[in-house]
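model_27.tsv (TSV, C-alpha atoms and all ligand atoms)
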```tsv
chain	number	residue	atom	x	y	z
A	174	MET	CA	133.24	22.18	90.29
A	175	LEU	CA	134.47	20.35	87.23
A	176	THR	CA	136.84	22.10	84.80
A	177	VAL	CA	136.21	20.93	81.24
A	178	ASN	CA	137.48	21.67	77.74
A	179	ALA	CA	135.32	23.56	75.27
A	180	TYR	CA	135.47	25.85	72.22
A	181	ALA	CA	134.42	29.50	72.23
A	182	ALA	CA	135.09	32.81	70.50
A	183	ALA	CA	136.52	35.74	72.49
A	184	SER	CA	134.28	38.27	70.71
A	185	ALA	CA	131.56	38.49	68.07
A	186	ASP	CA	134.05	38.52	65.21
A	187	ALA	CA	136.73	36.22	66.66
A	188	ARG	CA	137.49	32.65	65.63
A	189	LEU	CA	136.50	29.75	67.87
A	190	GLU	CA	139.42	28.61	70.04
A	191	PRO	CA	139.91	26.01	72.78
A	192	VAL	CA	138.93	27.28	76.24
A	193	THR	CA	138.26	25.76	79.64
A	194	ILE	CA	135.03	26.32	81.53
A	195	THR	CA	133.58	25.03	84.79
A	196	ARG	CA	130.48	22.91	85.27
A	197	ARG	CA	128.62	23.11	88.58
A	198	ASP	CA	128.82	20.37	91.21
A	199	LEU	CA	125.94	17.93	90.90
A	200	GLY	CA	122.82	18.96	92.80
A	201	PRO	CA	120.37	16.24	93.89
A	202	HIS	CA	118.48	16.36	90.54
A	203	ASP	CA	121.46	16.96	88.26
A	204	VAL	CA	122.94	14.64	85.66
A	205	LEU	CA	126.57	14.84	84.47
A	206	ILE	CA	126.75	13.96	80.79
A	207	ALA	CA	129.96	12.98	79.01
A	208	ILE	CA	129.24	14.53	75.63
A	209	ALA	CA	129.90	12.27	72.63
A	210	TYR	CA	128.67	14.44	69.75
A	211	ALA	CA	127.53	18.04	69.33
A	212	GLY	CA	125.65	19.36	66.29
A	213	VAL	CA	126.32	22.73	64.67
A	214	CYS	CA	123.15	24.83	64.33
A	215	HIS	CA	122.94	28.09	62.40
A	216	SER	CA	121.62	29.63	65.64
A	217	ASP	CA	125.07	29.02	67.19
A	218	ILE	CA	126.51	31.34	64.57
A	219	HIS	CA	123.73	33.97	64.80
A	220	THR	CA	124.27	34.04	68.59
A	221	VAL	CA	128.06	34.33	68.68
A	222	ARG	CA	128.13	36.84	65.81
A	223	GLU	CA	125.49	38.85	67.77
A	224	ASP	CA	123.02	38.90	64.87
A	225	TRP	CA	120.21	38.84	67.44
A	226	GLY	CA	121.79	41.19	70.00
A	227	PRO	CA	124.71	41.35	72.42
A	228	VAL	CA	125.97	38.29	74.31
A	229	THR	CA	128.56	37.77	77.04
A	230	HIS	CA	131.77	36.45	75.44
A	231	PRO	CA	133.40	34.03	75.51
A	232	LEU	CA	130.24	31.93	75.15
A	233	VAL	CA	130.28	28.18	74.52
A	234	VAL	CA	127.42	27.45	72.13
A	235	GLY	CA	125.97	24.14	70.88
A	236	HIS	CA	122.47	22.87	71.70
A	237	GLU	CA	122.37	19.56	69.88
A	238	ILE	CA	124.03	17.30	72.44
A	239	VAL	CA	124.18	13.54	72.83
A	240	GLY	CA	126.28	11.62	75.31
A	241	ILE	CA	126.38	9.15	78.13
A	242	VAL	CA	125.35	9.74	81.72
A	243	ALA	CA	128.57	9.76	83.73
A	244	GLU	CA	127.20	10.58	87.20
A	245	VAL	CA	123.81	11.32	88.76
A	246	GLY	CA	122.72	13.39	91.76
A	247	SER	CA	121.37	11.69	94.87
A	248	ALA	CA	117.67	12.18	93.98
A	249	VAL	CA	117.80	11.45	90.23
A	250	THR	CA	115.24	8.85	89.13
A	251	LYS	CA	114.86	9.37	85.37
A	252	HIS	CA	118.38	8.55	84.21
A	253	ALA	CA	121.15	6.19	85.27
A	254	VAL	CA	124.90	6.06	84.74
A	255	GLY	CA	125.60	4.63	81.29
A	256	ASP	CA	122.34	5.78	79.69
A	257	ARG	CA	122.46	7.35	76.23
A	258	VAL	CA	120.90	10.79	76.60
A	259	GLY	CA	120.44	14.09	74.82
A	260	VAL	CA	120.06	17.78	75.59
A	261	GLY	CA	118.52	20.29	73.21
A	262	CYS	CA	117.99	24.04	73.45
A	263	LEU	CA	116.46	24.10	76.94
A	264	VAL	CA	118.02	23.25	80.31
A	265	ASN	CA	115.30	24.59	82.61
A	266	SER	CA	112.14	26.72	82.87
A	267	CYS	CA	109.92	28.06	85.66
A	268	ARG	CA	107.81	24.84	85.62
A	269	THR	CA	104.82	26.69	87.12
A	270	CYS	CA	103.44	28.99	84.40
A	271	GLU	CA	100.54	28.01	82.17
A	272	ASN	CA	102.82	27.15	79.25
A	273	CYS	CA	105.25	25.08	81.31
A	274	LEU	CA	102.35	23.16	82.83
A	275	ALA	CA	101.11	22.51	79.28
A	276	GLY	CA	104.50	20.96	78.43
A	277	GLU	CA	105.45	23.91	76.22
A	278	GLU	CA	108.50	24.97	78.25
A	279	GLN	CA	109.99	26.74	75.21
A	280	TYR	CA	107.20	29.31	75.64
A	281	CYS	CA	107.70	29.71	79.43
A	282	VAL	CA	106.21	33.11	80.20
A	283	ASN	CA	108.91	33.69	82.80
A	284	GLY	CA	111.63	32.88	80.30
A	285	ALA	CA	112.99	29.37	79.80
A	286	THR	CA	116.69	28.78	80.50
A	287	GLY	CA	118.48	28.19	77.22
A	288	THR	CA	121.34	25.70	76.95
A	289	TYR	CA	123.72	28.59	76.30
A	290	GLY	CA	123.66	32.32	76.92
A	291	SER	CA	120.91	32.26	79.57
A	292	VAL	CA	121.20	33.33	83.20
A	293	ASP	CA	121.04	30.14	85.26
A	294	ALA	CA	119.48	29.76	88.74
A	295	ASP	CA	122.91	30.36	90.34
A	296	GLY	CA	123.40	33.58	88.36
A	297	THR	CA	126.01	32.17	85.96
A	298	ILE	CA	125.60	32.22	82.17
A	299	THR	CA	124.76	28.79	80.73
A	300	GLN	CA	127.41	27.28	78.46
A	301	GLY	CA	126.50	24.87	75.68
A	302	GLY	CA	127.58	21.68	73.99
A	303	TYR	CA	130.84	22.52	72.20
A	304	SER	CA	132.42	20.86	75.21
A	305	THR	CA	133.33	17.53	76.75
A	306	HIS	CA	130.79	17.53	79.61
A	307	VAL	CA	127.62	19.26	80.70
A	308	VAL	CA	125.51	19.25	83.88
A	309	VAL	CA	121.73	19.42	83.37
A	310	THR	CA	118.74	18.92	85.66
A	311	GLU	CA	117.17	15.51	84.97
A	312	ASP	CA	113.78	16.74	83.70
A	313	PHE	CA	115.45	18.47	80.74
A	314	VAL	CA	117.51	15.41	79.73
A	315	LEU	CA	116.06	13.26	76.92
A	316	ARG	CA	116.36	9.52	76.33
A	317	VAL	CA	118.07	8.87	72.98
A	318	PRO	CA	116.99	5.52	71.50
A	319	GLU	CA	119.90	3.10	71.05
A	320	SER	CA	118.70	2.11	67.57
A	321	LEU	CA	119.54	5.55	66.15
A	322	ASP	CA	123.06	6.02	64.73
A	323	TYR	CA	124.90	7.57	67.65
A	324	ALA	CA	127.19	9.79	65.53
A	325	ALA	CA	124.28	11.20	63.51
A	326	VAL	CA	121.52	11.65	66.06
A	327	ALA	CA	122.56	14.92	67.79
A	328	PRO	CA	120.88	17.35	65.32
A	329	LEU	CA	117.49	15.90	66.20
A	330	LEU	CA	117.75	17.83	69.49
A	331	CYS	CA	117.29	21.15	67.66
A	332	ALA	CA	116.82	20.77	63.89
A	333	GLY	CA	114.61	17.72	64.46
A	334	ILE	CA	112.27	19.12	67.10
A	335	THR	CA	112.11	22.59	65.51
A	336	THR	CA	110.62	21.08	62.37
A	337	TYR	CA	108.68	18.22	64.00
A	338	SER	CA	106.72	20.57	66.28
A	339	PRO	CA	105.13	22.80	63.58
A	340	LEU	CA	104.51	19.80	61.30
A	341	ARG	CA	102.53	18.20	64.13
A	342	HIS	CA	100.85	21.41	65.27
A	343	TRP	CA	99.57	22.15	61.74
A	344	ASN	CA	98.65	18.49	61.12
A	345	ALA	CA	101.02	17.49	58.34
A	346	GLY	CA	100.00	14.04	57.17
A	347	PRO	CA	98.27	12.05	54.44
A	348	GLY	CA	96.38	14.39	52.12
A	349	THR	CA	98.30	17.53	53.10
A	350	LYS	CA	100.70	19.39	50.83
A	351	VAL	CA	103.75	20.70	52.65
A	352	ALA	CA	106.44	22.96	51.21
A	353	VAL	CA	109.84	23.31	52.86
A	354	VAL	CA	111.75	26.49	52.06
A	355	GLY	CA	115.56	26.23	52.33
A	356	LEU	CA	117.32	22.88	52.31
A	357	GLY	CA	119.81	23.21	55.15
A	358	GLY	CA	119.96	21.61	58.60
A	359	LEU	CA	116.36	22.34	59.55
A	360	GLY	CA	115.05	22.01	56.00
A	361	HIS	CA	116.39	18.52	55.39
A	362	MET	CA	114.87	17.34	58.68
A	363	ALA	CA	111.53	18.95	57.75
A	364	VAL	CA	111.57	16.93	54.52
A	365	LYS	CA	112.38	13.63	56.25
A	366	LEU	CA	109.80	14.16	58.99
A	367	ALA	CA	106.96	15.44	56.78
A	368	HIS	CA	107.55	12.51	54.41
A	369	ALA	CA	107.44	10.05	57.31
A	370	MET	CA	104.17	11.63	58.51
A	371	GLY	CA	102.69	10.90	55.09
A	372	ALA	CA	102.49	14.42	53.66
A	373	GLU	CA	103.19	15.31	50.02
A	374	VAL	CA	106.45	17.25	50.27
A	375	THR	CA	107.80	19.97	47.97
A	376	VAL	CA	111.25	21.52	48.42
A	377	LEU	CA	111.75	25.18	47.51
A	378	SER	CA	115.50	25.79	47.30
A	379	ARG	CA	117.27	28.65	45.57
A	380	SER	CA	118.83	26.58	42.80
A	381	LEU	CA	118.43	23.10	41.35
A	382	SER	CA	121.75	21.97	42.87
A	383	LYS	CA	120.18	20.02	45.76
A	384	GLN	CA	117.45	18.35	43.69
A	385	PRO	CA	118.93	14.81	43.73
A	386	ASP	CA	119.47	15.05	47.50
A	387	ALA	CA	115.89	16.20	48.07
A	388	ALA	CA	114.50	13.14	46.31
A	389	ALA	CA	116.66	10.89	48.47
A	390	LEU	CA	115.44	12.71	51.61
A	391	GLY	CA	111.84	11.92	50.65
A	392	ALA	CA	110.67	15.00	48.72
A	393	ASP	CA	107.99	14.42	46.06
A	394	HIS	CA	108.65	17.66	44.17
A	395	TYR	CA	111.41	20.24	43.89
A	396	PHE	CA	111.48	23.79	42.53
A	397	ALA	CA	114.16	26.46	42.30
A	398	THR	CA	113.05	29.80	43.76
A	399	GLU	CA	115.58	31.69	41.60
A	400	ASP	CA	113.23	30.81	38.68
A	401	PRO	CA	110.31	33.30	38.76
A	402	GLN	CA	108.13	30.74	36.96
A	403	THR	CA	108.14	28.71	40.18
A	404	PHE	CA	105.94	31.27	41.94
A	405	ALA	CA	103.45	31.47	39.08
A	406	GLN	CA	103.26	27.71	38.76
A	407	LEU	CA	102.78	26.99	42.48
A	408	ALA	CA	100.28	29.76	43.37
A	409	ASN	CA	97.50	28.53	45.75
A	410	SER	CA	99.11	25.09	46.22
A	411	PHE	CA	100.13	24.34	49.79
A	412	ASP	CA	98.40	23.66	53.11
A	413	LEU	CA	101.59	24.35	55.06
A	414	ILE	CA	104.85	26.09	54.22
A	415	VAL	CA	107.74	25.65	56.66
A	416	ASN	CA	110.24	28.45	56.10
A	417	THR	CA	113.67	27.48	57.45
A	418	VAL	CA	115.66	30.23	55.75
A	419	SER	CA	118.16	32.13	57.93
A	420	ALA	CA	117.98	35.31	55.81
A	421	PRO	CA	115.17	37.72	54.85
A	422	LEU	CA	112.76	36.59	52.12
A	423	ASP	CA	109.92	38.21	50.19
A	424	LEU	CA	107.23	36.72	52.44
A	425	ASP	CA	104.34	37.85	50.23
A	426	ALA	CA	105.73	35.83	47.33
A	427	TYR	CA	105.73	32.66	49.48
A	428	LEU	CA	102.41	33.37	51.22
A	429	ALA	CA	100.78	33.53	47.79
A	430	LEU	CA	101.61	29.82	47.41
A	431	LEU	CA	99.16	28.90	50.21
A	432	ARG	CA	95.75	27.48	49.33
A	433	LEU	CA	92.54	28.18	51.32
A	434	ASP	CA	93.26	28.31	55.08
A	435	GLY	CA	96.91	27.50	54.52
A	436	THR	CA	99.63	28.52	57.01
A	437	MET	CA	103.19	29.61	56.49
A	438	VAL	CA	105.23	29.00	59.62
A	439	ASN	CA	108.57	30.68	60.06
A	440	VAL	CA	111.22	28.76	61.93
A	441	GLY	CA	114.11	30.53	60.21
A	442	ALA	CA	115.27	33.44	62.37
A	443	PRO	CA	116.69	36.35	60.37
A	444	PRO	CA	117.49	39.33	62.59
A	445	GLN	CA	115.57	41.84	60.47
A	446	ALA	CA	111.84	42.65	60.69
A	447	LEU	CA	110.12	41.47	57.49
A	448	PRO	CA	107.13	43.17	55.84
A	449	ILE	CA	103.90	41.39	54.91
A	450	HIS	CA	101.09	42.89	52.85
A	451	VAL	CA	97.81	42.11	54.66
A	452	PHE	CA	96.02	41.64	51.35
A	453	THR	CA	98.18	38.56	50.77
A	454	LEU	CA	96.71	37.17	54.01
A	455	PHE	CA	93.15	38.14	53.03
A	456	GLY	CA	93.47	35.99	49.91
A	457	ASN	CA	92.64	32.36	50.78
A	458	ARG	CA	92.30	33.36	54.48
A	459	ARG	CA	96.03	32.67	54.86
A	460	SER	CA	97.95	32.64	58.16
A	461	PHE	CA	101.51	33.57	58.96
A	462	ALA	CA	102.95	31.98	62.11
A	463	GLY	CA	106.15	31.40	64.02
A	464	SER	CA	107.32	28.37	65.98
A	465	SER	CA	110.13	27.91	68.47
A	466	ILE	CA	111.81	24.50	68.99
A	467	GLY	CA	109.48	22.25	71.06
A	468	GLY	CA	108.80	21.26	74.66
A	469	ILE	CA	110.53	18.43	76.49
A	470	ARG	CA	107.62	15.98	76.16
A	471	GLU	CA	107.34	16.64	72.42
A	472	THR	CA	111.11	16.37	71.98
A	473	GLN	CA	110.98	12.87	73.51
A	474	GLU	CA	108.03	12.06	71.25
A	475	MET	CA	110.09	13.22	68.23
A	476	LEU	CA	113.07	11.06	69.23
A	477	ASP	CA	110.79	8.04	69.60
A	478	PHE	CA	109.11	8.84	66.25
A	479	CYS	CA	112.55	8.94	64.60
A	480	ALA	CA	113.46	5.59	66.17
A	481	GLU	CA	110.20	4.08	64.94
A	482	HIS	CA	110.76	5.39	61.41
A	483	GLY	CA	114.56	4.93	61.30
A	484	ILE	CA	115.19	8.65	60.77
A	485	VAL	CA	118.52	10.32	61.50
A	486	PRO	CA	119.97	13.53	60.08
A	487	ASP	CA	122.44	13.46	57.17
A	488	THR	CA	125.65	14.56	58.82
A	489	GLU	CA	129.31	15.36	58.22
A	490	LEU	CA	131.42	14.39	61.24
A	491	ILE	CA	134.20	16.86	62.04
A	492	ASP	CA	136.88	17.52	64.64
A	493	ALA	CA	136.65	20.60	66.85
A	494	SER	CA	139.65	22.11	65.03
A	495	TYR	CA	137.47	22.27	61.88
A	496	LEU	CA	134.68	24.31	63.54
A	497	ASN	CA	135.67	27.67	62.03
A	498	GLU	CA	135.69	26.22	58.51
A	499	ALA	CA	132.40	24.46	59.26
A	500	TRP	CA	130.78	27.77	60.29
A	501	ASP	CA	132.04	29.39	57.06
A	502	ARG	CA	130.51	26.53	55.11
A	503	VAL	CA	127.16	26.84	56.93
A	504	LEU	CA	127.11	30.56	56.06
A	505	ALA	CA	127.79	29.63	52.44
A	506	SER	CA	124.98	26.99	52.52
A	507	ASP	CA	127.70	24.41	51.78
A	508	VAL	CA	126.61	21.74	54.23
A	509	ARG	CA	124.92	18.43	53.45
A	510	TYR	CA	123.14	18.73	55.83
A	511	ARG	CA	124.48	19.14	59.37
A	512	PHE	CA	127.96	19.26	60.86
A	513	VAL	CA	128.45	17.16	63.97
A	514	VAL	CA	131.56	17.52	66.14
A	515	ASP	CA	133.20	14.46	67.69
A	516	ALA	CA	133.30	15.72	71.28
A	517	ALA	CA	136.46	13.71	72.03
A	518	THR	CA	138.27	16.37	69.98
A	519	PHE	CA	137.25	19.15	72.38
A	520	ALA	CA	139.61	17.55	74.90
B	601	LIG	P1	121.22	26.32	57.49
B	601	LIG	O1	121.68	24.90	57.60
B	601	LIG	O2	122.23	27.37	57.16
B	601	LIG	O3	120.02	26.35	56.43
B	601	LIG	C1	119.43	27.54	56.00
B	601	LIG	C2	119.04	27.40	54.52
B	601	LIG	O4	118.45	28.63	54.13
B	601	LIG	C3	120.21	27.21	53.56
B	601	LIG	O5	120.57	25.88	53.41
B	601	LIG	C4	119.65	27.80	52.28
B	601	LIG	O6	118.86	26.83	51.59
B	601	LIG	C5	118.72	28.88	52.76
B	601	LIG	N1	119.35	30.21	52.68
B	601	LIG	C6	120.46	30.65	53.32
B	601	LIG	N2	120.72	31.94	53.00
B	601	LIG	C7	119.74	32.32	52.15
B	601	LIG	C8	119.44	33.54	51.50
B	601	LIG	N3	120.23	34.62	51.62
B	601	LIG	N4	118.33	33.57	50.70
B	601	LIG	C9	117.58	32.49	50.55
B	601	LIG	N5	117.82	31.30	51.16
B	601	LIG	C10	118.87	31.23	51.95
B	601	LIG	O7	120.57	26.81	58.85
B	601	LIG	P2	119.72	25.98	59.94
B	601	LIG	O8	120.62	25.51	61.01
B	601	LIG	O9	118.84	25.04	59.22
B	601	LIG	O10	118.85	27.16	60.57
B	601	LIG	C11	117.95	27.90	59.73
B	601	LIG	C12	117.38	29.08	60.50
B	601	LIG	O11	116.51	28.59	61.51
B	601	LIG	C13	118.42	29.94	61.22
B	601	LIG	O12	118.02	31.30	61.11
B	601	LIG	C14	118.32	29.46	62.66
B	601	LIG	O13	118.73	30.43	63.59
B	601	LIG	C15	116.85	29.20	62.76
B	601	LIG	N6	116.45	28.29	63.85
B	601	LIG	C16	115.27	28.56	64.45
B	601	LIG	C17	114.80	27.69	65.43
B	601	LIG	C18	113.47	27.92	66.05
B	601	LIG	O14	113.22	27.44	67.15
B	601	LIG	N7	112.55	28.60	65.37
B	601	LIG	C19	115.56	26.58	65.81
B	601	LIG	C20	116.75	26.34	65.15
B	601	LIG	C21	117.20	27.20	64.15
B	601	LIG	P3	118.95	26.60	49.98
B	601	LIG	O15	120.43	26.56	49.66
B	601	LIG	O16	118.25	25.32	49.81
B	601	LIG	O17	118.26	27.76	49.33
B	602	ZN	ZN	119.44	25.22	66.94
B	603	ZN	ZN	107.20	28.68	82.77
```
Give the structure from this file in C-alpha cells form.
Amino acid sequence: MLTVNAYAAASADARLEPVTITRRDLGPHDVLIAIAYAGVCHSDIHTVREDWGPVTHPLVVGHEIVGIVAEVGSAVTKHAVGDRVGVGCLVNSCRTCENCLAGEEQYCVNGATGTYGSVDADGTITQGGYSTHVVVTEDFVLRVPESLDYAAVAPLLCAGITTYSPLRHWNAGPGTKVAVVGLGGLGHMAVKLAHAMGAEVTVLSRSLSKQPDAAALGADHYFATEDPQTFAQLANSFDLIVNTVSAPLDLDAYLALLRLDGTMVNVGAPPQALPIHVFTLFGNRRSFAGSSIGGIRETQEMLDFCAEHGIVPDTELIDASYLNEAWDRVLASDVRYRFVVDAATFA
C-alpha cells in the first residue's frame, strides 16, 4: 500500500487539516495517478458537513481530479505512464445492470462507487482527490486533452459533465432558449456549454453583480431574481431551465417561466424536500426533472467537446492551506467560478 498526503476534516463541523491515507496496491486493471489539480465542488462541502446524511470521518473529498499516470497494473491497456488523465465522481459500478450497459453508470441500479464516501470492493471507504495520488480502475479514468489548460481543466470532471449531460439530454442547441439558475461552479459551466451548443442562454442570478461576467461567459441575457419583475417579464419563455442552486428555491416561480413542453432540470442538490404545485406543471405541459453527473462515455465526450470548442472553467488556483477559506467563500457565493487546488501543496 502507498501512504499519501491528503486533507480531511475530523468531523462534520471541523476544519480541513492535513492527514495521511493509504491507497491500495495496484491490481491488474488499476492506474496510479499523481494528482496535479483538484477542483472544489459544493458537493464536497455538503458531504463533509453531512447536509445529505451521516458520513464516516475523516473523509477525503474531491471529485474533480486531473493528473498524470504514474504506474499501471499488468493488464491495463487504456492508459500509459505519462498520460494526462482525469477522474470525476465515479470510480466503479456493477457494469452488468441495464443502466451500466447503457453507459449510464451514474444510475447503476446496484449503486455506483463514488470517488469518495462509497464502500469499495475491498470493503474500505473510497477517499477522493484532495490528495497527492489516487488509484482507480482503468475504465473509470478519462483522457484529458492536452490542448486544455492543465491548471483549469479539473472542474470539467464534475461541474462540466453535470451540466453537459442535461443540456444534451434535453437537446439544447440552435433555436432553443435555455435559462441557467445560479451562477456558481456548475452555473458558469452550463452557460459556456449551452452557448457552445448554439442555444440562446439567459442567466438568472440573485443580483446584478455577476452580469458582466455572464456576458463574457457567453450569456445572451441576464436577469436578477431578487427583482420580482423578472418573473412577470419572463413567464412562458424557456425550453429548458437548468437549476444549479445549492439551496431551496420557490420551484413554482421558476417552472412558470417554461413555455409549452418545457423542462426544468434540477442539478442543484439542497438537502430539503421542495414542494411543487401540480397546476404549475399542467400549464404548458411542463416537466420537472433531475439529473446526476454523467456516465463515463459521456464524460469523455464532454472533455473532447471542450477541447474542440476551447472551453475550460474560470478558476482561482489555491494552495491546500487555503481550503477552509475557499469553502467559506463557496458558501458565501464568493467564487468566480471554481477553486482549484494545486495538488503539490497537499504534500
Ligand atoms: P456553487 O458554486 O456554490 O454555486 C451555487 C450557486 O447557487 C451560487 O453561485 C448562487 O448563484 C446560487 N445560490 C447559492 N445559495 C443560494 C440561495 N440561498 N438562494 C438562491 N441562490 C443561491 O455550487 P456548485 O458547486 O455549482 O454546486 C451547486 C449545487 O449542485 C450543489 O447543491 C451541489 O451539491 C450540486 N451538484 C449536483 C450534481 C449532480 O450530479 N446533480 C453535481 C455536482 C454538484 P447566484 O449568486 O448567481 O445567485
Ligand atoms: Zn461535484
Ligand atoms: Zn450497474
How close does region 354-472 of chain A get to region 313-328 of chain A? List, as JSON lines, each residue of region 354-472 of chain A within 10 Å, its nearest atom pair and the distance in Å to one decimal, counting all atoms listed in the file.
```
{"residue": "A:Gly358", "atom": "CA", "partner": "A:Pro328", "partner_atom": "CA", "distance": 8.0}
{"residue": "A:Leu359", "atom": "CA", "partner": "A:Pro328", "partner_atom": "CA", "distance": 8.9}
{"residue": "A:Met362", "atom": "CA", "partner": "A:Pro328", "partner_atom": "CA", "distance": 9.0}
{"residue": "A:Gly468", "atom": "CA", "partner": "A:Phe313", "partner_atom": "CA", "distance": 9.4}
{"residue": "A:Ile469", "atom": "CA", "partner": "A:Phe313", "partner_atom": "CA", "distance": 6.5}
{"residue": "A:Arg470", "atom": "CA", "partner": "A:Leu315", "partner_atom": "CA", "distance": 8.9}
{"residue": "A:Thr472", "atom": "CA", "partner": "A:Leu315", "partner_atom": "CA", "distance": 7.7}
```
What does the list of residues within 9 Å of ligand ZN 602 (chain B) look like if you count all atoms listed in the file, written as a PyMOL selection string? chain A and resi 212-217+235-237+261-262+328+330-332+335+359+466
What are the centre and the three edge lengths of an axis-aligned box that wraps all atoms of region 462-480 of chain A in the file, given that 4 Å is added to every side, written as AutoDock Vina command-line options and rounded to one decimal in Å?
```
--center_x 108.2 --center_y 18.8 --center_z 69.3 --size_x 18.5 --size_y 34.4 --size_z 22.4
```
For the contact check between region 405-490 of chain A and region 377-386 of chain A, emit one row per residue of region 405-490 of chain A within 12 Å, containing the shortest atom pair and the distance in Å rounded to one decimal, counting only C-alpha atoms, chain then rising number order, as CSV.
```
residue,atom,partner,partner_atom,distance
A:Leu407,CA,A:Leu377,CA,10.4
A:Phe411,CA,A:Leu377,CA,11.9
A:Ile414,CA,A:Leu377,CA,9.7
A:Val415,CA,A:Leu377,CA,10.0
A:Asn416,CA,A:Leu377,CA,9.3
A:Thr417,CA,A:Leu377,CA,10.4
A:Val418,CA,A:Ser378,CA,9.5
A:Leu422,CA,A:Arg379,CA,11.2
A:Tyr427,CA,A:Leu377,CA,9.8
A:Leu430,CA,A:Leu377,CA,11.2
A:Asp487,CA,A:Asp386,CA,10.2
```
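Across the structure, CA of Gly360 (chain A) and CA of Val374 (chain A) are spaced 11.4 Å apart.
The contact shell of ligand ZN 603 (chain B), defined as all polymer residues within 9 Å when all atoms listed in the file are used, comprises Ser266, Cys267, Arg268, Thr269, Cys270, Glu271, Asn272, Cys273, Leu274, Glu277, Glu278, Gln279, Tyr280, Cys281, Val282, Asn283, Gly284 and Ala285 of chain A.
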Applying 12 Å and all atoms listed in the file, which residues near Ala372 (chain A) remain after dropping the ones on its own chain fewer than 2 positions away? List them as a PDB file with C-alpha atoms, in the frame of the given file.
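Result written to part.pdb:
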```pdb
ATOM      1  CA  LEU A 340     104.510  19.800  61.300  1.00  0.00           C
ATOM      2  CA  ARG A 341     102.530  18.200  64.130  1.00  0.00           C
ATOM      3  CA  TRP A 343      99.570  22.150  61.740  1.00  0.00           C
ATOM      4  CA  ASN A 344      98.650  18.490  61.120  1.00  0.00           C
ATOM      5  CA  ALA A 345     101.020  17.490  58.340  1.00  0.00           C
ATOM      6  CA  GLY A 346     100.000  14.040  57.170  1.00  0.00           C
ATOM      7  CA  PRO A 347      98.270  12.050  54.440  1.00  0.00           C
ATOM      8  CA  GLY A 348      96.380  14.390  52.120  1.00  0.00           C
ATOM      9  CA  THR A 349      98.300  17.530  53.100  1.00  0.00           C
ATOM     10  CA  LYS A 350     100.700  19.390  50.830  1.00  0.00           C
ATOM     11  CA  VAL A 351     103.750  20.700  52.650  1.00  0.00           C
ATOM     12  CA  ALA A 352     106.440  22.960  51.210  1.00  0.00           C
ATOM     13  CA  VAL A 353     109.840  23.310  52.860  1.00  0.00           C
ATOM     14  CA  ALA A 363     111.530  18.950  57.750  1.00  0.00           C
ATOM     15  CA  VAL A 364     111.570  16.930  54.520  1.00  0.00           C
ATOM     16  CA  LYS A 365     112.380  13.630  56.250  1.00  0.00           C
ATOM     17  CA  LEU A 366     109.800  14.160  58.990  1.00  0.00           C
ATOM     18  CA  ALA A 367     106.960  15.440  56.780  1.00  0.00           C
ATOM     19  CA  HIS A 368     107.550  12.510  54.410  1.00  0.00           C
ATOM     20  CA  ALA A 369     107.440  10.050  57.310  1.00  0.00           C
ATOM     21  CA  MET A 370     104.170  11.630  58.510  1.00  0.00           C
ATOM     22  CA  VAL A 374     106.450  17.250  50.270  1.00  0.00           C
ATOM     23  CA  THR A 375     107.800  19.970  47.970  1.00  0.00           C
ATOM     24  CA  GLY A 391     111.840  11.920  50.650  1.00  0.00           C
ATOM     25  CA  ALA A 392     110.670  15.000  48.720  1.00  0.00           C
ATOM     26  CA  ASP A 393     107.990  14.420  46.060  1.00  0.00           C
ATOM     27  CA  HIS A 394     108.650  17.660  44.170  1.00  0.00           C
ATOM     28  CA  PHE A 411     100.130  24.340  49.790  1.00  0.00           C
ATOM     29  CA  ASP A 412      98.400  23.660  53.110  1.00  0.00           C
ATOM     30  CA  LEU A 413     101.590  24.350  55.060  1.00  0.00           C
ATOM     31  CA  ILE A 414     104.850  26.090  54.220  1.00  0.00           C
TER      32      ILE A 414
END
```
Surrounding residues of Ser464 (chain A) excluding itself and chain neighbours under 6 positions, 7 Å, all atoms listed in the file, as a count of residues only: 4
Test item: residues at most 7 Å from region 299-311 of chain A, all atoms listed in the file, excluding those fewer than 3 positions along its chain, as a ChimeraX atom specification: /A:177-180,196-197,202-208,211,232-238,249,251,264,288-293,314,516-517,519-520
Point out the residue among A:Val503, A:Ala294, A:Met174, A:Val258 with the least atom-to-atom distance to ligand LIG 601 (chain B), counting only C-alpha atoms and all ligand atoms. A:Val503
N, CA, C and O atoms of region 373-378 of chain A from block above, as a tab-separated table (two decimals), in the first residue's frame:
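Here's the written file part23.tsv:
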```
chain	number	residue	atom	x	y	z
A	373	GLU	N	-29.74	29.85	-27.06
A	373	GLU	CA	-29.85	31.23	-26.56
A	373	GLU	C	-29.90	31.15	-25.04
A	373	GLU	O	-30.79	30.50	-24.48
A	374	VAL	N	-28.94	31.76	-24.36
A	374	VAL	CA	-28.72	31.50	-22.94
A	374	VAL	C	-29.07	32.72	-22.08
A	374	VAL	O	-28.58	33.83	-22.35
A	375	THR	N	-29.89	32.47	-21.06
A	375	THR	CA	-30.26	33.51	-20.10
A	375	THR	C	-29.76	33.10	-18.72
A	375	THR	O	-29.98	31.95	-18.30
A	376	VAL	N	-29.09	34.00	-18.02
A	376	VAL	CA	-28.69	33.72	-16.63
A	376	VAL	C	-29.69	34.34	-15.67
A	376	VAL	O	-30.09	35.50	-15.83
A	377	LEU	N	-30.10	33.54	-14.69
A	377	LEU	CA	-30.96	34.02	-13.60
A	377	LEU	C	-30.15	33.91	-12.31
A	377	LEU	O	-29.96	32.82	-11.77
A	378	SER	N	-29.62	35.05	-11.87
A	378	SER	CA	-28.79	35.11	-10.67
A	378	SER	C	-29.51	36.01	-9.67
A	378	SER	O	-30.39	36.78	-10.05
```
